[in-house]
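*Asks:* Here it is, the structure in full.
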Amino acid sequence: MMVFRSNYGYGDLWMTVSVLLSIKTVVDPIPMDQDEAYLLFTEEFLRADYKKFGIGIELTSFTKTKLNGMPVAIFTRRQPYEQAGIKSIRAAQALRVFSGSYKINFQINTLDPDGKSTAEDRIKEVEPLFKLIGSSLRIGK
């Protein structure tokens with residue numbers, strides 16, 4: 001996983017990039033091709049996945065489209081977050097690209113004090129730059 005954090009690591013916005021193998025189940029780790037993985041990755045699947053972990057993630061938008069000819073899901077979420085007694089809201093937007101047997105996940109994240117709507121606003125402010133970064137993805141063979 002790669003991580004970028006604004007303002008020399010002390011900023012309120014950070015980006016993560018991860019590459020994961022698309023598998024059928026943890027018990028049966030047979031790789032899936034991009035078409036099968038993309039077909040199975042639905043809004044309902046993601047909502048059920050978040051509910052299963054019980055950590056309060058709320059899916060706020062979900063879209064499937066193409067990015068440089070590759071299938072991609074774009075989604076946003078919010079989650080209550082607490083550390084050292086300080087409560088906040090964590091907002092995120094993700095681009096999940098399906099290529100071969102892999103999922104490449106680009107995600108921007110931000111935190112704000114609980115009860116504020118500025119976390120989602122900050123995500124919207126940087127969305128054009130984030131999508132530009134994601135759309136620059138090229139996969140070599």
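Residue numbers start at 1 in each chain; chains themselves are named A, B, ... in the order of the structure tokens; ligands are numbered from 1 in the order shown.
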As a PyMOL selection string, please: the residues near A:Phe41 (cut-off 12 Å, only C-alpha atoms, same-chain neighbours under 4 positions excluded).
*Replies:* chain A and resi 22-24+32+34-37+45-49+62-64+71-75+96-98+103
*Asks:* Find the residues around stretch 105-112 of chain A up to 10 Å (only C-alpha atoms counted), leave out those fewer than 3 positions away in its own chain, and share them as a short mmCIF file (atom, residue, chain, number, x, y, z; two decimals) with N, CA, C and O atoms, in the first residue's frame.
*Replies:*
```cif
data_model
loop_
_atom_site.label_atom_id
_atom_site.label_comp_id
_atom_site.auth_asym_id
_atom_site.auth_seq_id
_atom_site.Cartn_x
_atom_site.Cartn_y
_atom_site.Cartn_z
N MET A 1 0.85 -1.16 0.00
CA MET A 1 0.00 0.00 0.00
C MET A 1 0.90 1.24 0.00
O MET A 1 1.93 1.26 0.65
N MET A 2 0.51 2.23 -0.76
CA MET A 2 1.21 3.52 -0.77
C MET A 2 0.31 4.54 -0.09
O MET A 2 -0.90 4.47 -0.21
N VAL A 3 0.91 5.49 0.60
CA VAL A 3 0.14 6.53 1.27
C VAL A 3 0.76 7.88 0.98
O VAL A 3 1.97 8.04 1.04
N PHE A 4 -0.08 8.86 0.63
CA PHE A 4 0.35 10.25 0.52
C PHE A 4 -0.47 11.04 1.52
O PHE A 4 -1.67 10.85 1.63
N ARG A 5 0.15 11.91 2.27
CA ARG A 5 -0.55 12.76 3.21
C ARG A 5 -0.17 14.20 2.92
O ARG A 5 1.01 14.50 2.76
N GLY A 11 -1.24 16.89 7.20
CA GLY A 11 -2.43 17.53 6.66
C GLY A 11 -3.71 16.79 7.00
O GLY A 11 -3.71 15.72 7.59
N ASP A 12 -4.80 17.41 6.61
CA ASP A 12 -6.12 16.87 6.92
C ASP A 12 -6.69 16.04 5.77
O ASP A 12 -7.84 15.66 5.77
N LEU A 13 -5.87 15.78 4.76
CA LEU A 13 -6.29 14.99 3.62
C LEU A 13 -5.19 14.01 3.29
O LEU A 13 -4.01 14.38 3.25
N TRP A 14 -5.52 12.74 3.08
CA TRP A 14 -4.50 11.78 2.68
C TRP A 14 -5.07 10.82 1.65
O TRP A 14 -6.28 10.65 1.53
N MET A 15 -4.18 10.22 0.86
CA MET A 15 -4.57 9.30 -0.20
C MET A 15 -3.86 7.98 0.01
O MET A 15 -2.68 7.96 0.37
N THR A 16 -4.57 6.90 -0.19
CA THR A 16 -3.96 5.58 -0.13
C THR A 16 -4.18 4.88 -1.47
O THR A 16 -5.18 5.10 -2.16
N VAL A 17 -3.23 4.05 -1.85
CA VAL A 17 -3.34 3.22 -3.05
C VAL A 17 -3.00 1.80 -2.64
O VAL A 17 -1.97 1.56 -2.00
N SER A 18 -3.87 0.86 -2.97
CA SER A 18 -3.60 -0.53 -2.65
C SER A 18 -3.93 -1.40 -3.86
O SER A 18 -4.81 -1.07 -4.65
N VAL A 19 -3.23 -2.49 -3.99
CA VAL A 19 -3.47 -3.46 -5.05
C VAL A 19 -3.77 -4.80 -4.36
O VAL A 19 -2.97 -5.28 -3.57
N LEU A 20 -4.93 -5.35 -4.65
CA LEU A 20 -5.37 -6.58 -4.00
C LEU A 20 -5.80 -7.61 -5.04
O LEU A 20 -6.36 -7.25 -6.08
N VAL A 72 -14.54 0.23 -13.49
CA VAL A 72 -14.22 0.92 -12.24
C VAL A 72 -15.51 1.20 -11.47
O VAL A 72 -16.56 1.42 -12.05
N ALA A 73 -15.39 1.13 -10.15
CA ALA A 73 -16.48 1.55 -9.25
C ALA A 73 -15.99 2.79 -8.51
O ALA A 73 -14.83 2.84 -8.07
N ILE A 74 -16.83 3.79 -8.41
CA ILE A 74 -16.51 5.02 -7.69
C ILE A 74 -17.53 5.14 -6.56
O ILE A 74 -18.73 5.10 -6.81
N PHE A 75 -17.03 5.27 -5.33
CA PHE A 75 -17.97 5.35 -4.22
C PHE A 75 -17.43 6.26 -3.12
O PHE A 75 -16.24 6.49 -3.01
N THR A 76 -18.37 6.81 -2.34
CA THR A 76 -18.01 7.64 -1.20
C THR A 76 -18.62 7.03 0.05
O THR A 76 -19.62 6.30 -0.01
N ARG A 77 -18.00 7.34 1.17
CA ARG A 77 -18.48 6.81 2.44
C ARG A 77 -18.12 7.75 3.57
O ARG A 77 -17.26 8.61 3.43
N ARG A 78 -18.78 7.54 4.69
CA ARG A 78 -18.47 8.30 5.92
C ARG A 78 -18.51 7.33 7.08
O ARG A 78 -19.18 6.30 7.02
N GLN A 79 -17.78 7.69 8.12
CA GLN A 79 -17.67 6.78 9.26
C GLN A 79 -17.35 7.58 10.51
O GLN A 79 -16.47 8.44 10.50
N PRO A 80 -18.05 7.29 11.62
CA PRO A 80 -17.65 7.89 12.89
C PRO A 80 -16.25 7.36 13.26
O PRO A 80 -15.94 6.20 13.01
N TYR A 81 -15.46 8.22 13.82
CA TYR A 81 -14.07 7.86 14.13
C TYR A 81 -13.73 8.44 15.49
O TYR A 81 -14.10 9.57 15.80
N LYS A 87 -13.55 12.67 19.03
CA LYS A 87 -14.48 12.14 18.03
C LYS A 87 -14.41 12.98 16.77
O LYS A 87 -14.24 14.19 16.81
N SER A 88 -14.58 12.29 15.64
CA SER A 88 -14.60 12.98 14.36
C SER A 88 -15.38 12.16 13.36
O SER A 88 -15.85 11.06 13.65
N ILE A 89 -15.51 12.70 12.16
CA ILE A 89 -16.12 12.01 11.03
C ILE A 89 -15.02 11.80 10.00
O ILE A 89 -14.29 12.73 9.67
N ARG A 90 -14.90 10.58 9.51
CA ARG A 90 -13.95 10.28 8.45
C ARG A 90 -14.75 10.13 7.16
O ARG A 90 -15.67 9.33 7.10
N ALA A 91 -14.41 10.93 6.17
CA ALA A 91 -15.05 10.82 4.86
C ALA A 91 -14.02 10.32 3.87
O ALA A 91 -12.83 10.59 4.01
N ALA A 92 -14.49 9.58 2.87
CA ALA A 92 -13.57 9.03 1.88
C ALA A 92 -14.28 8.89 0.53
O ALA A 92 -15.50 8.73 0.48
N GLN A 93 -13.48 8.97 -0.52
CA GLN A 93 -13.95 8.64 -1.86
C GLN A 93 -12.96 7.65 -2.44
O GLN A 93 -11.75 7.82 -2.29
N ALA A 94 -13.47 6.60 -3.09
CA ALA A 94 -12.60 5.57 -3.65
C ALA A 94 -12.90 5.36 -5.12
O ALA A 94 -14.05 5.44 -5.55
N LEU A 95 -11.83 5.09 -5.86
CA LEU A 95 -11.91 4.60 -7.23
C LEU A 95 -11.37 3.18 -7.18
O LEU A 95 -10.20 2.98 -6.82
N ARG A 96 -12.17 2.20 -7.48
CA ARG A 96 -11.71 0.81 -7.47
C ARG A 96 -11.70 0.31 -8.91
O ARG A 96 -12.74 0.12 -9.52
N VAL A 97 -10.49 0.12 -9.43
CA VAL A 97 -10.29 -0.31 -10.81
C VAL A 97 -10.07 -1.82 -10.82
O VAL A 97 -9.31 -2.35 -10.02
N PHE A 98 -10.73 -2.51 -11.75
CA PHE A 98 -10.59 -3.95 -11.88
C PHE A 98 -9.77 -4.25 -13.13
O PHE A 98 -10.13 -3.84 -14.24
N TYR A 102 -6.82 -8.41 -10.43
CA TYR A 102 -6.53 -7.47 -9.35
C TYR A 102 -7.54 -6.35 -9.26
O TYR A 102 -8.19 -5.98 -10.24
N GLY A 115 -19.96 16.08 13.92
CA GLY A 115 -21.05 17.04 13.76
C GLY A 115 -20.80 18.06 12.67
O GLY A 115 -21.70 18.82 12.33
N LYS A 116 -19.60 18.10 12.10
CA LYS A 116 -19.30 19.06 11.03
C LYS A 116 -19.51 18.36 9.69
O LYS A 116 -19.30 17.17 9.56
N SER A 117 -19.88 19.14 8.68
CA SER A 117 -20.06 18.57 7.34
C SER A 117 -18.87 18.91 6.45
O SER A 117 -18.91 18.67 5.26
N THR A 118 -17.82 19.43 7.02
CA THR A 118 -16.69 19.86 6.20
C THR A 118 -15.86 18.71 5.66
O THR A 118 -15.13 18.89 4.69
N ALA A 119 -15.95 17.52 6.24
CA ALA A 119 -15.20 16.38 5.71
C ALA A 119 -15.69 16.06 4.29
O ALA A 119 -14.88 15.96 3.37
N GLU A 120 -16.99 15.93 4.10
CA GLU A 120 -17.52 15.67 2.77
C GLU A 120 -17.26 16.83 1.82
O GLU A 120 -16.97 16.63 0.65
N ASP A 121 -17.33 18.06 2.33
CA ASP A 121 -17.05 19.24 1.50
C ASP A 121 -15.60 19.21 1.01
O ASP A 121 -15.33 19.54 -0.15
N ARG A 122 -14.68 18.82 1.87
CA ARG A 122 -13.27 18.76 1.48
C ARG A 122 -13.05 17.71 0.40
O ARG A 122 -12.29 17.92 -0.54
N ILE A 123 -13.75 16.58 0.51
CA ILE A 123 -13.65 15.54 -0.52
C ILE A 123 -14.14 16.11 -1.86
O ILE A 123 -13.50 15.92 -2.90
N VAL A 126 -11.54 18.45 -3.68
CA VAL A 126 -10.39 17.83 -4.35
C VAL A 126 -10.79 16.72 -5.32
O VAL A 126 -9.92 16.11 -5.94
N GLU A 127 -12.09 16.49 -5.49
CA GLU A 127 -12.54 15.42 -6.37
C GLU A 127 -12.00 15.53 -7.79
O GLU A 127 -11.53 14.52 -8.35
N PHE A 130 -8.43 14.34 -7.72
CA PHE A 130 -8.40 12.92 -7.39
C PHE A 130 -8.77 12.07 -8.62
O PHE A 130 -8.10 11.09 -8.94
N LYS A 131 -9.82 12.46 -9.33
CA LYS A 131 -10.23 11.71 -10.52
C LYS A 131 -9.18 11.83 -11.63
O LYS A 131 -8.98 10.88 -12.39
N ILE A 133 -5.92 12.05 -11.10
CA ILE A 133 -4.87 11.11 -10.68
C ILE A 133 -5.29 9.68 -11.00
O ILE A 133 -4.54 8.91 -11.60
N GLY A 134 -6.52 9.32 -10.66
CA GLY A 134 -7.01 7.97 -10.94
C GLY A 134 -7.08 7.69 -12.43
O GLY A 134 -6.76 6.59 -12.88
#
```
*Asks:* Could you tell me, as a count of residues only, which residues of chain A DSSP assigns to helix (DSSP H, G or I) when given the backbone?
*Replies:* 36
*Asks:* Run DSSP on the backbone of this structure and report the residues of stretch 36-135 of chain A it assigns to strand (DSSP E), as a ChimeraX atom specification.
*Replies:* /A:58-67,70-83,86-99,102-113
*Asks:* Compare A:Ser99, A:Asp28, A:Ile86, A:Glu43 by their minimum atom-to-atom distance to A:Asn68, counting only C-alpha atoms, and give me the closest one.
*Replies:*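 Under the stated criterion, the closest residue is A:Ser99.
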